[in-house]
>>> print(open('my_file.cif').read())   # mmCIF, C-alpha atoms
data_protein
loop_
_atom_site.label_atom_id
_atom_site.label_comp_id
_atom_site.auth_asym_id
_atom_site.auth_seq_id
_atom_site.Cartn_x
_atom_site.Cartn_y
_atom_site.Cartn_z
CA MET G 642 8.89 -18.94 25.02
CA TYR G 643 9.15 -19.24 21.26
CA LYS G 644 9.77 -22.62 19.79
CA ILE G 645 13.08 -23.31 18.10
CA LYS G 646 12.24 -24.25 14.54
CA TYR G 647 14.11 -26.69 12.33
CA ILE G 648 14.21 -25.47 8.76
CA ARG G 649 14.84 -27.75 5.81
CA ASN G 650 18.33 -26.41 5.12
CA GLY G 651 19.55 -28.15 8.24
CA VAL G 652 19.95 -25.13 10.49
CA PHE G 653 18.24 -24.70 13.84
CA LEU G 654 16.81 -21.19 14.01
CA SER G 655 16.11 -19.24 17.19
CA ILE G 656 13.79 -16.24 17.45
CA ASN G 657 16.82 -14.02 16.83
CA ASN G 658 17.90 -15.45 13.50
CA ILE G 659 14.71 -16.64 11.83
CA LYS G 660 14.61 -15.57 8.19
CA LEU G 661 11.74 -15.60 5.75
CA ASP G 662 11.52 -19.01 4.09
CA ILE G 663 11.12 -17.90 0.48
CA GLU G 664 10.36 -21.42 -0.74
CA TYR G 665 7.43 -21.63 1.64
CA ILE G 666 6.22 -18.16 0.65
CA ARG G 667 6.32 -18.80 -3.08
CA SER G 668 4.60 -22.17 -2.64
CA GLN G 669 1.50 -20.27 -1.45
CA PHE G 670 1.14 -18.42 -4.79
CA PRO G 671 -0.13 -20.45 -7.75
CA ALA G 672 1.25 -17.85 -10.18
CA PHE G 673 4.78 -19.16 -9.62
CA LYS G 674 3.75 -22.54 -11.03
CA ASP G 675 1.54 -21.18 -13.79
CA PRO G 676 2.92 -21.70 -17.33
CA THR G 677 2.30 -18.06 -18.24
CA CYS G 678 4.09 -16.62 -15.19
CA LYS G 679 6.60 -19.12 -13.90
CA ASP G 680 9.56 -18.19 -16.12
CA TRP G 681 9.36 -14.47 -15.38
CA SER G 682 10.86 -12.36 -12.61
CA PHE G 683 7.95 -10.20 -11.55
CA PHE G 684 8.93 -6.60 -10.77
CA GLU G 685 5.55 -4.90 -11.21
CA ASN G 686 4.14 -5.51 -7.75
CA ALA G 687 3.42 -1.84 -7.07
CA GLY G 688 0.90 -2.05 -9.90
CA GLY G 689 -0.80 -5.09 -8.39
CA SER G 690 0.42 -8.19 -6.60
CA TYR G 691 -0.13 -11.88 -7.15
CA VAL G 692 -2.66 -13.56 -4.85
CA PRO G 693 -2.15 -16.59 -2.57
CA GLN G 694 -4.20 -19.77 -2.83
CA THR G 695 -6.12 -18.84 0.33
CA VAL G 696 -7.66 -15.82 -1.42
CA ILE G 697 -8.51 -17.82 -4.55
CA ASP G 698 -10.16 -20.56 -2.48
CA LYS G 699 -12.33 -18.08 -0.58
CA LEU G 700 -13.42 -16.42 -3.82
CA ASN G 701 -14.23 -19.71 -5.56
CA LYS G 702 -16.13 -21.07 -2.55
CA PHE G 703 -18.29 -17.96 -2.32
CA MET G 704 -19.10 -18.02 -6.04
CA ILE G 705 -20.08 -21.69 -5.89
CA SER G 706 -22.04 -21.82 -2.63
CA THR G 707 -23.14 -18.36 -1.55
CA LYS G 708 -23.43 -16.11 -4.62
CA VAL G 709 -26.75 -14.69 -3.43
CA GLN G 710 -27.95 -11.47 -1.86
CA PRO G 711 -26.59 -11.53 1.72
CA TYR G 712 -28.26 -11.09 5.12
CA ALA G 713 -31.51 -12.97 4.47
CA ASP G 714 -32.70 -15.87 6.67
CA TYR G 715 -31.97 -18.78 4.33
CA PRO G 716 -28.62 -20.56 4.84
CA MET G 717 -26.71 -19.43 1.73
CA SER G 718 -27.58 -15.80 2.39
CA LYS G 719 -26.74 -15.97 6.09
CA ILE G 720 -23.36 -17.49 5.34
CA ALA G 721 -22.66 -14.84 2.70
CA GLY G 722 -23.42 -12.00 5.11
CA ASN G 723 -21.43 -13.56 7.93
CA GLN G 724 -18.43 -14.04 5.66
CA MET G 725 -18.58 -10.43 4.49
CA ASP G 726 -18.69 -9.21 8.08
CA GLU G 727 -15.86 -11.54 9.05
CA SER G 728 -13.55 -10.17 6.36
CA THR G 729 -14.19 -6.61 7.53
CA LYS G 730 -13.60 -7.60 11.15
CA LEU G 731 -10.34 -9.40 10.40
CA PHE G 732 -8.90 -6.52 8.39
CA ALA G 733 -9.84 -4.08 11.12
CA GLU G 734 -7.92 -6.25 13.59
CA MET G 735 -4.86 -6.38 11.34
CA ILE G 736 -4.48 -2.59 11.21
CA ASN G 737 -5.67 -1.94 14.81
CA ALA G 738 -8.97 -0.30 13.90
CA LYS G 739 -12.55 -0.76 15.07
CA ASN G 740 -14.99 -2.57 12.78
CA ASN G 741 -16.95 0.62 12.22
CA GLU G 742 -13.81 2.58 11.32
CA ILE G 743 -13.02 0.84 8.03
CA LEU G 744 -14.81 0.49 4.75
CA ILE G 745 -14.00 -1.52 1.65
CA GLY G 746 -14.57 0.30 -1.63
CA GLY G 747 -13.80 -0.12 -5.31
CA SER G 748 -10.44 1.68 -5.33
CA THR G 749 -8.33 4.16 -3.43
CA SER G 750 -9.19 6.83 -6.00
CA ILE G 751 -12.92 6.29 -5.46
CA ASN G 752 -12.58 6.19 -1.67
CA LEU G 753 -10.66 9.45 -1.56
CA TYR G 754 -12.99 11.28 -3.94
CA VAL G 755 -15.98 10.33 -1.80
CA LEU G 756 -14.11 11.32 1.35
CA SER G 757 -13.11 14.69 -0.09
CA ASN G 758 -16.71 15.38 -1.04
CA ALA G 759 -17.77 14.59 2.53
CA LEU G 760 -15.03 16.72 4.10
CA LYS G 761 -15.98 19.62 1.84
CA SER G 762 -18.55 20.61 4.45
CA PHE G 763 -15.68 21.24 6.90
CA ILE G 764 -14.10 23.83 4.60
CA SER G 765 -14.74 27.57 4.69
CA PRO G 766 -13.35 30.15 2.26
CA GLY G 767 -9.72 30.85 3.14
CA ASP G 768 -9.10 27.53 4.88
CA GLU G 769 -5.88 25.85 3.79
CA ILE G 770 -5.24 22.35 2.47
CA ILE G 771 -1.70 21.00 2.22
CA VAL G 772 -0.93 18.53 -0.56
CA THR G 773 2.44 17.33 -1.84
CA ASN G 774 3.99 16.97 -5.27
CA GLN G 775 5.35 13.54 -4.34
CA ASP G 776 2.01 11.74 -4.05
CA HIS G 777 0.08 9.56 -6.46
CA GLU G 778 -2.65 11.67 -8.04
CA ALA G 779 -5.32 9.81 -6.06
CA ASN G 780 -4.30 11.74 -2.93
CA ILE G 781 -3.82 15.10 -4.65
CA SER G 782 -6.60 15.96 -7.09
CA PRO G 783 -9.56 15.21 -4.73
CA TRP G 784 -8.14 17.79 -2.31
CA ARG G 785 -7.12 20.31 -4.95
CA ARG G 786 -10.72 20.31 -6.18
CA LEU G 787 -11.80 21.73 -2.84
CA SER G 788 -10.45 25.05 -4.09
CA GLU G 789 -13.88 25.23 -5.76
CA SER G 790 -15.28 25.51 -2.21
CA GLY G 791 -12.92 28.34 -1.34
CA ALA G 792 -9.99 26.38 0.04
CA LYS G 793 -6.46 27.65 -0.51
CA ILE G 794 -4.22 24.86 -1.79
CA VAL G 795 -0.70 24.84 -0.35
CA GLU G 796 1.88 22.54 -1.94
CA TRP G 797 4.53 20.82 0.15
CA LYS G 798 7.29 20.45 -2.42
CA MET G 799 10.01 17.84 -2.56
CA ASN G 800 13.66 18.74 -2.33
CA LYS G 801 14.60 18.58 -6.02
CA LYS G 802 18.05 17.17 -5.29
CA THR G 803 16.99 14.33 -2.99
CA ALA G 804 13.32 13.95 -4.06
CA GLU G 805 12.48 13.85 -0.34
CA LEU G 806 9.70 15.61 1.57
CA GLU G 807 11.39 17.47 4.41
CA ILE G 808 9.59 17.88 7.73
CA GLU G 809 11.22 21.26 8.29
CA GLU G 810 9.60 22.60 5.13
CA PHE G 811 6.26 21.14 6.17
CA GLU G 812 6.39 22.97 9.50
CA LYS G 813 6.82 26.25 7.64
CA LEU G 814 3.61 25.59 5.69
CA LEU G 815 1.41 24.70 8.68
CA THR G 816 -0.76 27.55 9.96
CA ASN G 817 -3.84 27.97 12.12
CA LYS G 818 -5.81 27.98 8.86
CA THR G 819 -4.63 24.50 7.86
CA LYS G 820 -7.64 22.18 7.87
CA ILE G 821 -6.48 19.17 5.85
CA VAL G 822 -3.07 17.59 5.22
CA ALA G 823 -2.93 14.95 2.47
CA VAL G 824 0.37 13.07 2.28
CA THR G 825 1.74 9.76 1.12
CA HIS G 826 3.11 7.34 3.69
CA CYS G 827 5.45 6.03 1.00
CA SER G 828 6.07 7.42 -2.47
CA ASN G 829 5.35 5.11 -5.40
CA ILE G 830 8.23 6.73 -7.30
CA VAL G 831 10.81 7.91 -4.75
CA GLY G 832 10.19 4.93 -2.48
CA SER G 833 10.89 6.89 0.70
CA VAL G 834 8.80 6.22 3.80
CA ASN G 835 7.60 9.53 5.21
CA ASN G 836 7.26 10.04 8.96
CA LEU G 837 3.48 9.96 9.02
CA LYS G 838 3.33 9.78 12.80
CA LYS G 839 5.34 13.01 13.12
CA ILE G 840 3.30 14.65 10.37
CA SER G 841 0.10 13.74 12.23
CA GLU G 842 1.48 15.08 15.51
CA LEU G 843 2.42 18.44 13.98
CA SER G 844 -0.85 18.71 12.05
CA HIS G 845 -3.02 17.95 15.05
CA LYS G 846 -1.39 20.77 16.98
CA LYS G 847 -2.95 23.07 14.38
CA GLY G 848 -6.28 21.20 14.45
CA ALA G 849 -5.83 19.76 10.96
CA ILE G 850 -7.14 16.43 9.67
CA VAL G 851 -4.49 14.11 8.18
CA ILE G 852 -5.16 11.78 5.26
CA GLY G 853 -2.39 9.23 4.74
CA ASP G 854 -2.02 7.33 1.48
CA GLY G 855 -0.59 3.92 2.36
CA VAL G 856 -0.90 2.30 -1.07
CA SER G 857 2.88 1.96 -1.49
CA PHE G 858 3.53 1.20 2.19
CA ALA G 859 0.99 -1.49 3.14
CA PRO G 860 2.30 -4.21 0.76
CA HIS G 861 5.50 -4.23 2.83
CA GLY G 862 3.80 -4.62 6.22
CA PHE G 863 0.32 -3.68 7.39
CA PRO G 864 0.30 -0.43 9.40
CA ASN G 865 -0.93 0.15 12.94
CA VAL G 866 -3.22 3.11 12.30
CA LYS G 867 -3.67 3.94 15.98
CA ASN G 868 0.07 4.13 16.45
CA LEU G 869 0.34 6.48 13.47
CA ASP G 870 -2.54 8.55 14.91
CA VAL G 871 -3.56 9.44 11.38
CA ASP G 872 -7.20 10.55 10.90
CA PHE G 873 -7.76 8.70 7.62
CA TYR G 874 -5.61 6.04 5.97
CA THR G 875 -6.14 4.21 2.72
CA PHE G 876 -4.50 1.46 0.70
CA SER G 877 -5.24 -0.79 -2.26
CA LEU G 878 -6.05 -4.38 -1.42
CA TYR G 879 -5.10 -5.62 -4.88
CA LYS G 880 -1.55 -4.55 -4.02
CA THR G 881 -1.65 -6.42 -0.71
CA TYR G 882 -2.30 -9.86 -2.22
CA GLY G 883 -6.06 -9.54 -2.74
CA PRO G 884 -8.67 -8.60 -5.36
CA HIS G 885 -9.19 -5.17 -6.90
CA LEU G 886 -10.65 -3.38 -3.87
CA ALA G 887 -9.37 -0.71 -1.48
CA LEU G 888 -9.60 -0.06 2.25
CA LEU G 889 -10.26 3.29 3.89
CA TYR G 890 -9.82 3.79 7.63
CA GLY G 891 -11.23 6.80 9.46
CA LYS G 892 -11.36 7.78 13.12
CA GLU G 893 -14.83 7.13 14.48
CA LYS G 894 -15.18 10.60 16.00
CA ILE G 895 -14.74 12.15 12.52
CA LEU G 896 -16.78 9.57 10.62
CA LYS G 897 -19.73 10.40 12.87
CA GLN G 898 -19.65 14.00 11.72
CA LEU G 899 -19.40 13.44 7.97
CA PRO G 900 -22.46 14.20 5.85
CA ASN G 901 -24.06 11.19 4.21
CA GLN G 902 -22.76 10.35 0.71
CA ASN G 903 -24.95 7.25 0.38
CA HIS G 904 -28.67 6.45 0.21
CA GLU G 905 -30.80 8.71 2.37
CA PHE G 906 -32.04 5.87 4.57
CA LEU G 907 -28.41 5.11 5.56
CA SER G 908 -27.92 8.53 7.12
CA GLY G 909 -26.03 8.18 10.41
CA GLN G 910 -24.91 4.62 9.69
CA TYR G 911 -21.19 5.26 9.35
CA PRO G 912 -18.97 4.12 7.71
CA TYR G 913 -21.61 3.17 5.10
CA THR G 914 -22.32 6.88 4.80
CA ILE G 915 -19.13 7.32 2.76
CA ASN G 916 -19.27 4.04 0.83
CA PRO G 917 -21.96 4.48 -1.83
CA GLY G 918 -22.74 1.23 -3.60
CA GLY G 919 -20.70 -0.82 -1.15
CA PRO G 920 -18.07 -3.43 -2.01
CA ASN G 921 -18.14 -6.34 -4.41
CA HIS G 922 -19.47 -9.18 -2.22
CA GLU G 923 -17.36 -12.09 -3.42
CA GLU G 924 -14.16 -10.07 -3.44
CA LEU G 925 -14.86 -8.74 0.05
CA VAL G 926 -15.23 -12.30 1.33
CA SER G 927 -11.95 -13.32 -0.31
CA LEU G 928 -10.10 -10.72 1.79
CA SER G 929 -10.20 -13.08 4.74
CA GLY G 930 -7.83 -15.20 2.68
CA ILE G 931 -5.20 -12.45 3.07
CA TYR G 932 -5.60 -12.71 6.84
CA ASP G 933 -5.23 -16.49 6.61
CA TYR G 934 -2.11 -16.11 4.49
CA ILE G 935 -0.42 -13.61 6.83
CA LEU G 936 -1.22 -15.80 9.82
CA SER G 937 0.16 -18.83 7.99
CA ILE G 938 3.48 -16.99 7.61
CA TYR G 939 3.53 -16.35 11.34
CA ASN G 940 2.55 -19.92 12.27
CA TYR G 941 5.09 -21.46 9.89
CA HIS G 942 7.99 -19.37 11.15
CA PHE G 943 7.14 -18.95 14.85
CA GLY G 944 4.25 -21.19 15.91
CA ASN G 945 3.43 -19.38 19.15
CA ASP G 946 -0.32 -18.85 19.61
CA GLU G 947 0.01 -16.76 22.77
CA LEU G 948 0.56 -13.46 20.97
CA SER G 949 -2.17 -11.04 19.89
CA ILE G 950 -2.93 -10.55 16.20
CA LEU G 951 -1.10 -7.20 16.25
CA GLU G 952 1.97 -8.81 17.78
CA LYS G 953 1.89 -11.53 15.15
CA ILE G 954 1.54 -8.94 12.37
CA GLU G 955 4.57 -7.11 13.77
CA LYS G 956 6.66 -10.31 13.74
CA VAL G 957 5.66 -10.99 10.13
CA ASN G 958 6.41 -7.37 9.21
CA GLN G 959 9.92 -7.75 10.63
CA LEU G 960 10.52 -10.89 8.57
CA ILE G 961 9.29 -9.13 5.44
CA THR G 962 11.40 -6.03 6.08
CA SER G 963 14.62 -8.02 6.51
CA HIS G 964 13.98 -10.07 3.40
CA GLU G 965 13.09 -7.08 1.25
CA GLU G 966 16.25 -5.26 2.30
CA GLU G 967 18.29 -8.30 1.35
CA ILE G 968 16.84 -8.57 -2.15
CA ALA G 969 16.48 -4.86 -2.95
CA ASN G 970 19.73 -3.34 -1.68
CA PRO G 971 21.95 -5.05 -4.30
CA ILE G 972 19.76 -3.51 -7.02
CA LEU G 973 19.83 -0.06 -5.43
CA ASP G 974 23.61 -0.31 -5.10
CA TYR G 975 24.12 -1.42 -8.69
CA ILE G 976 21.91 1.25 -10.27
CA SER G 977 23.41 4.01 -8.14
CA CYS G 978 26.92 2.98 -9.25
CA ARG G 979 26.12 3.02 -12.98
CA ASP G 980 27.12 6.33 -14.57
CA ASP G 981 24.45 6.02 -17.27
CA LEU G 982 21.56 5.22 -14.91
CA ILE G 983 19.95 7.71 -12.56
CA LEU G 984 18.31 6.34 -9.41
CA ILE G 985 15.50 8.33 -7.79
CA GLY G 986 15.60 8.35 -4.00
CA LYS G 987 17.82 6.67 -1.43
CA ASN G 988 20.45 4.19 -2.61
CA LYS G 989 19.99 1.85 0.35
CA ILE G 990 17.19 0.63 2.61
CA ASN G 991 17.97 1.15 6.29
CA ASN G 992 15.46 0.18 8.96
CA LYS G 993 12.53 0.38 6.55
CA ASP G 994 13.16 4.00 5.54
CA ARG G 995 12.53 3.03 1.94
CA ALA G 996 10.31 0.57 0.13
CA PRO G 997 11.75 -1.86 -2.43
CA THR G 998 10.08 0.27 -5.10
CA ILE G 999 12.91 1.41 -7.34
CA ALA G 1000 12.46 4.06 -10.03
CA PHE G 1001 15.27 5.03 -12.38
CA TYR G 1002 16.00 6.23 -15.89
CA SER G 1003 18.81 6.14 -18.42
CA LYS G 1004 20.95 8.94 -19.82
CA LYS G 1005 21.37 7.00 -23.07
CA MET G 1006 17.89 5.85 -24.01
CA SER G 1007 14.23 6.45 -23.31
CA SER G 1008 12.54 4.74 -20.38
CA LYS G 1009 10.31 3.01 -22.91
CA SER G 1010 13.32 1.51 -24.70
CA LEU G 1011 14.96 0.49 -21.43
CA SER G 1012 11.77 -1.17 -20.25
CA GLU G 1013 11.41 -3.08 -23.51
CA LEU G 1014 14.95 -4.42 -23.18
CA LEU G 1015 14.24 -5.63 -19.65
CA VAL G 1016 11.04 -7.31 -20.78
CA LYS G 1017 13.01 -9.14 -23.49
CA ASN G 1018 15.09 -10.56 -20.65
CA LYS G 1019 11.94 -11.84 -18.91
CA ILE G 1020 11.86 -9.05 -16.36
CA ALA G 1021 8.23 -8.07 -15.87
CA THR G 1022 8.34 -4.29 -15.52
CA ARG G 1023 7.23 -1.16 -17.35
CA ASN G 1024 7.85 2.53 -17.85
CA ASP G 1025 5.26 5.12 -16.87
CA ASN G 1026 4.59 8.10 -14.63
CA PHE G 1027 2.53 5.76 -12.46
CA TYR G 1028 -0.03 8.52 -11.75
CA ALA G 1029 2.70 10.53 -10.01
CA TRP G 1030 3.15 12.96 -12.90
CA ARG G 1031 3.56 15.94 -10.58
CA CYS G 1032 6.50 14.18 -8.96
CA LEU G 1033 8.18 13.60 -12.33
CA ASN G 1034 7.52 17.19 -13.40
CA ALA G 1035 9.15 18.42 -10.21
CA LEU G 1036 12.21 16.27 -10.98
CA GLY G 1037 12.41 17.64 -14.52
CA LEU G 1038 11.43 14.35 -16.17
CA ASP G 1039 9.09 13.74 -19.07
CA PRO G 1040 5.90 12.30 -17.53
CA ASN G 1041 4.94 10.72 -20.85
CA ASP G 1042 8.08 8.59 -21.10
CA GLY G 1043 8.29 8.40 -17.32
CA VAL G 1044 10.70 6.16 -15.47
CA VAL G 1045 11.34 2.44 -15.27
CA ARG G 1046 10.03 1.07 -11.99
CA LEU G 1047 11.17 -2.15 -10.36
CA SER G 1048 8.82 -2.93 -7.50
CA MET G 1049 9.46 -5.91 -5.29
CA THR G 1050 7.63 -7.55 -2.44
CA HIS G 1051 8.36 -10.34 0.02
CA TYR G 1052 7.70 -13.16 -2.43
CA ASN G 1053 10.46 -11.95 -4.74
CA SER G 1054 13.61 -14.02 -4.40
CA ILE G 1055 17.34 -13.44 -4.56
CA GLU G 1056 17.15 -15.27 -7.89
CA ASP G 1057 14.87 -12.49 -9.15
CA THR G 1058 17.49 -10.00 -8.02
CA LYS G 1059 20.23 -11.87 -9.88
CA ASN G 1060 18.09 -12.12 -13.02
CA LEU G 1061 17.45 -8.40 -12.93
CA LEU G 1062 21.11 -7.51 -12.38
CA ASN G 1063 22.17 -9.80 -15.24
CA ALA G 1064 19.62 -8.14 -17.50
CA LEU G 1065 20.85 -4.66 -16.57
CA LYS G 1066 24.48 -5.68 -17.13
CA SER G 1067 23.61 -6.78 -20.67
CA ILE G 1068 22.19 -3.33 -21.52
#
>>> encode(input="my_file.cif", output="structure tokens")
Amino acid sequence: MYKIKYIRNGVFLSINNIKLDIEYIRSQFPAFKDPTCKDWSFFENAGGSYVPQTVIDKLNKFMISTKVQPYADYPMSKIAGNQMDESTKLFAEMINAKNNEILIGGSTSINLYVLSNALKSFISPGDEIIVTNQDHEANISPWRRLSESGAKIVEWKMNKKTAELEIEEFEKLLTNKTKIVAVTHCSNIVGSVNNLKKISELSHKKGAIVIGDGVSFAPHGFPNVKNLDVDFYTFSLYKTYGPHLALLYGKEKILKQLPNQNHEFLSGQYPYTINPGGPNHEELVSLSGIYDYILSIYNYHFGNDELSILEKIEKVNQLITSHEEEIANPILDYISCRDDLILIGKNKINNKDRAPTIAFYSKKMSSKSLSELLVKNKIATRNDNFYAWRCLNALGLDPNDGVVRLSMTHYNSIEDTKNLLNALKSI
């Protein structure tokens, strides 16, 4: 049985009506008390999130006590190596992967370029690779470059009216020659969550390998990669409350077959074979602080230790989803009702079919001008193409001026929403 929890507003909450305690959440992030940040409503989370105190503490402790080469026999080195291994183990648990199925690299772009170079050996002239025009460039150009090895590049195009990727169109593109499908789990412009599980199912029937880009999905709830049945999955850890690193998951049976991209003596030692140079040690160790933070959310709101880590992650994900819908839907509704503003993507989040990543533009002014006006109102945002220039081209938008993007996460508050709406009403 779950415990009934008494929250400070004087209401007894059962398991059925527990809501995310935003005061508790924001208290975990020093940025909200920092003089530089505290007076701003932060809407640039898709570019990189704030970090909780748990991550900062792990980083500082490592730099003070164990900033040495790891895995030697003296105490500081042993501790350093153990902490690095522990961070990898904990993140594998959080996404339902084996320890030897994930690697931590410098960025999603780097991880995918190395992976594409390794998968090149699987490609013969005439083989087909499906990419989209909705993705961030990180999950497009590495695969397009395999045309140099004889691959035929097939583009899964968005519906220009809805900006959605339609499964029916994807099925038309799949053939027995399809070897790789590269697709975003969630667009960093459109915001829509694509049915990656269905895409994987259809692709596997043709024997294709699926690479899912989860950069815009993972900040809103860590995925269960086994449930998705995706072959490779990647996301940026600096957008999931950590340092500037990225995670790449790959199914063990495929990792075993990939040619070594690392030092010769590491041949056969996957996943190190596709992680040349390895991760930054101190930042890798600090990742365990993300695990601590996510577990603290669970313990604060539920307090039941009988569940598995995956079950706890799912409970936290549900809290996050409900809160993000509550704070994002008023913004989606307002923008979609303004005649002079054009919203890209769905105008409401229903059952996590959209991320609280909201891109729009004005009929009356440039995105640059609109962004500057919002910044003057202490709304931290920006205009850009956000490395999804193919998406903007497909929608007939200028990728140089781009769109204004308001990206929220679970530590944003309803006050942030009100501040944003007031700023938009003044424009």
>>> closest_atom_pairs(input="my_file.cif", of="range 869-967 of chain G", to="range 683-703 of chain G", cutoff="12 Å", atoms="only C-alpha atoms", output="CSV")
residue,atom,partner,partner_atom,distance
G:Phe876,CA,G:Ala687,CA,11.6
G:Ser877,CA,G:Gly689,CA,8.7
G:Leu878,CA,G:Gly689,CA,8.8
G:Tyr879,CA,G:Gly689,CA,5.6
G:Lys880,CA,G:Gly689,CA,4.5
G:Thr881,CA,G:Ser690,CA,6.5
G:Tyr882,CA,G:Val692,CA,4.6
G:Gly883,CA,G:Val692,CA,5.7
G:Pro884,CA,G:Val692,CA,7.8
G:His885,CA,G:Gly689,CA,8.5
G:Leu886,CA,G:Gly689,CA,11.0
G:Ala887,CA,G:Gly689,CA,11.8
G:Asn921,CA,G:Leu700,CA,11.1
G:His922,CA,G:Phe703,CA,8.9
G:Glu923,CA,G:Leu700,CA,5.9
G:Glu924,CA,G:Leu700,CA,6.4
G:Leu925,CA,G:Leu700,CA,8.7
G:Val926,CA,G:Lys699,CA,6.7
G:Ser927,CA,G:Lys699,CA,4.8
G:Leu928,CA,G:Val696,CA,6.5
G:Ser929,CA,G:Val696,CA,7.2
G:Gly930,CA,G:Val696,CA,4.2
G:Ile931,CA,G:Val696,CA,6.1
G:Tyr932,CA,G:Thr695,CA,9.0
G:Asp933,CA,G:Thr695,CA,6.8
G:Tyr934,CA,G:Thr695,CA,6.4
G:Ile935,CA,G:Pro693,CA,10.0
G:Leu936,CA,G:Thr695,CA,11.1
G:Ser937,CA,G:Thr695,CA,9.9
G:Ile938,CA,G:Pro693,CA,11.6
>>> write_last_selection(input="my_file.cif", atoms="C-alpha atoms", output="PDB file, in the frame of the given file")
ATOM      1  CA  PHE G 876      -4.500   1.460   0.700  1.00  0.00           C
ATOM      2  CA  SER G 877      -5.240  -0.790  -2.260  1.00  0.00           C
ATOM      3  CA  LEU G 878      -6.050  -4.380  -1.420  1.00  0.00           C
ATOM      4  CA  TYR G 879      -5.100  -5.620  -4.880  1.00  0.00           C
ATOM      5  CA  LYS G 880      -1.550  -4.550  -4.020  1.00  0.00           C
ATOM      6  CA  THR G 881      -1.650  -6.420  -0.710  1.00  0.00           C
ATOM      7  CA  TYR G 882      -2.300  -9.860  -2.220  1.00  0.00           C
ATOM      8  CA  GLY G 883      -6.060  -9.540  -2.740  1.00  0.00           C
ATOM      9  CA  PRO G 884      -8.670  -8.600  -5.360  1.00  0.00           C
ATOM     10  CA  HIS G 885      -9.190  -5.170  -6.900  1.00  0.00           C
ATOM     11  CA  LEU G 886     -10.650  -3.380  -3.870  1.00  0.00           C
ATOM     12  CA  ALA G 887      -9.370  -0.710  -1.480  1.00  0.00           C
ATOM     13  CA  ASN G 921     -18.140  -6.340  -4.410  1.00  0.00           C
ATOM     14  CA  HIS G 922     -19.470  -9.180  -2.220  1.00  0.00           C
ATOM     15  CA  GLU G 923     -17.360 -12.090  -3.420  1.00  0.00           C
ATOM     16  CA  GLU G 924     -14.160 -10.070  -3.440  1.00  0.00           C
ATOM     17  CA  LEU G 925     -14.860  -8.740   0.050  1.00  0.00           C
ATOM     18  CA  VAL G 926     -15.230 -12.300   1.330  1.00  0.00           C
ATOM     19  CA  SER G 927     -11.950 -13.320  -0.310  1.00  0.00           C
ATOM     20  CA  LEU G 928     -10.100 -10.720   1.790  1.00  0.00           C
ATOM     21  CA  SER G 929     -10.200 -13.080   4.740  1.00  0.00           C
ATOM     22  CA  GLY G 930      -7.830 -15.200   2.680  1.00  0.00           C
ATOM     23  CA  ILE G 931      -5.200 -12.450   3.070  1.00  0.00           C
ATOM     24  CA  TYR G 932      -5.600 -12.710   6.840  1.00  0.00           C
ATOM     25  CA  ASP G 933      -5.230 -16.490   6.610  1.00  0.00           C
ATOM     26  CA  TYR G 934      -2.110 -16.110   4.490  1.00  0.00           C
ATOM     27  CA  ILE G 935      -0.420 -13.610   6.830  1.00  0.00           C
ATOM     28  CA  LEU G 936      -1.220 -15.800   9.820  1.00  0.00           C
ATOM     29  CA  SER G 937       0.160 -18.830   7.990  1.00  0.00           C
ATOM     30  CA  ILE G 938       3.480 -16.990   7.610  1.00  0.00           C
TER      31      ILE G 938
END
>>> residues_around(input="my_file.cif", residues="Trp784 in chain G", least_positions_apart="5", cutoff="8 Å", atoms="only C-alpha atoms", output="ChimeraX atom specification")
/G:757,770,772,823
>>> atom_distance(input="my_file.cif", atom1="CA of Glu805 in chain G", atom2="CA of Tyr1002 in chain G")
17.7 Å
>>> atom_distance(input="my_file.cif", atom1="CA of Arg1031 in chain G", atom2="CA of Ile895 in chain G")
29.7 Å
>>> closest_residue(input="my_file.cif", among="G:Leu1033, G:Val795, G:Ala859, G:Ile705", to="Met735 in chain G", atoms="only C-alpha atoms")
G:Ala859
>>> resolve_selection(input="my_file.cif", expression="the PyMOL selection byres ((chain G and resi 963-974) around 9)", output="MDAnalysis selection string")
chainID G and resid 660:661 663 861 958:962 975:979 984 987:993 996:999 1049:1059 1061:1062
>>> resolve_selection(input="my_file.cif", expression="the PyMOL selection byres ((chain G and resi 809) around 12)", output="list in words")
Trp797, Lys798, Met799, Asn800, Glu805, Leu806, Glu807, Ile808, Glu810, Phe811, Glu812, Lys813, Leu814, Leu815, Asn836, Lys839, Ile840 and Leu843 of chain G
>>> atom_distance(input="my_file.cif", atom1="CA of Asn752 in chain G", atom2="CA of Ile915 in chain G")
8.0 Å
>>> residues_around(input="my_file.cif", residues="range 1010-1020 of chain G", least_positions_apart="2", cutoff="9 Å", atoms="only C-alpha atoms", output="list in words")
Asp680, Trp681, Ser682, Phe683, Phe684, Tyr1002, Ser1003, Met1006, Ser1007, Ser1008, Thr1022, Arg1023, Asn1024, Val1044, Val1045, Arg1046, Asp1057, Asn1060, Leu1061, Asn1063, Ala1064, Leu1065 and Ile1068 of chain G
>>> residues_near_point(input="my_file.cif", point="(3.9, 1.1, 4.2)", cutoff="10 Å", atoms="only C-alpha atoms", output="ChimeraX atom specification")
/G:825-828,832-835,854-864,876,993-996
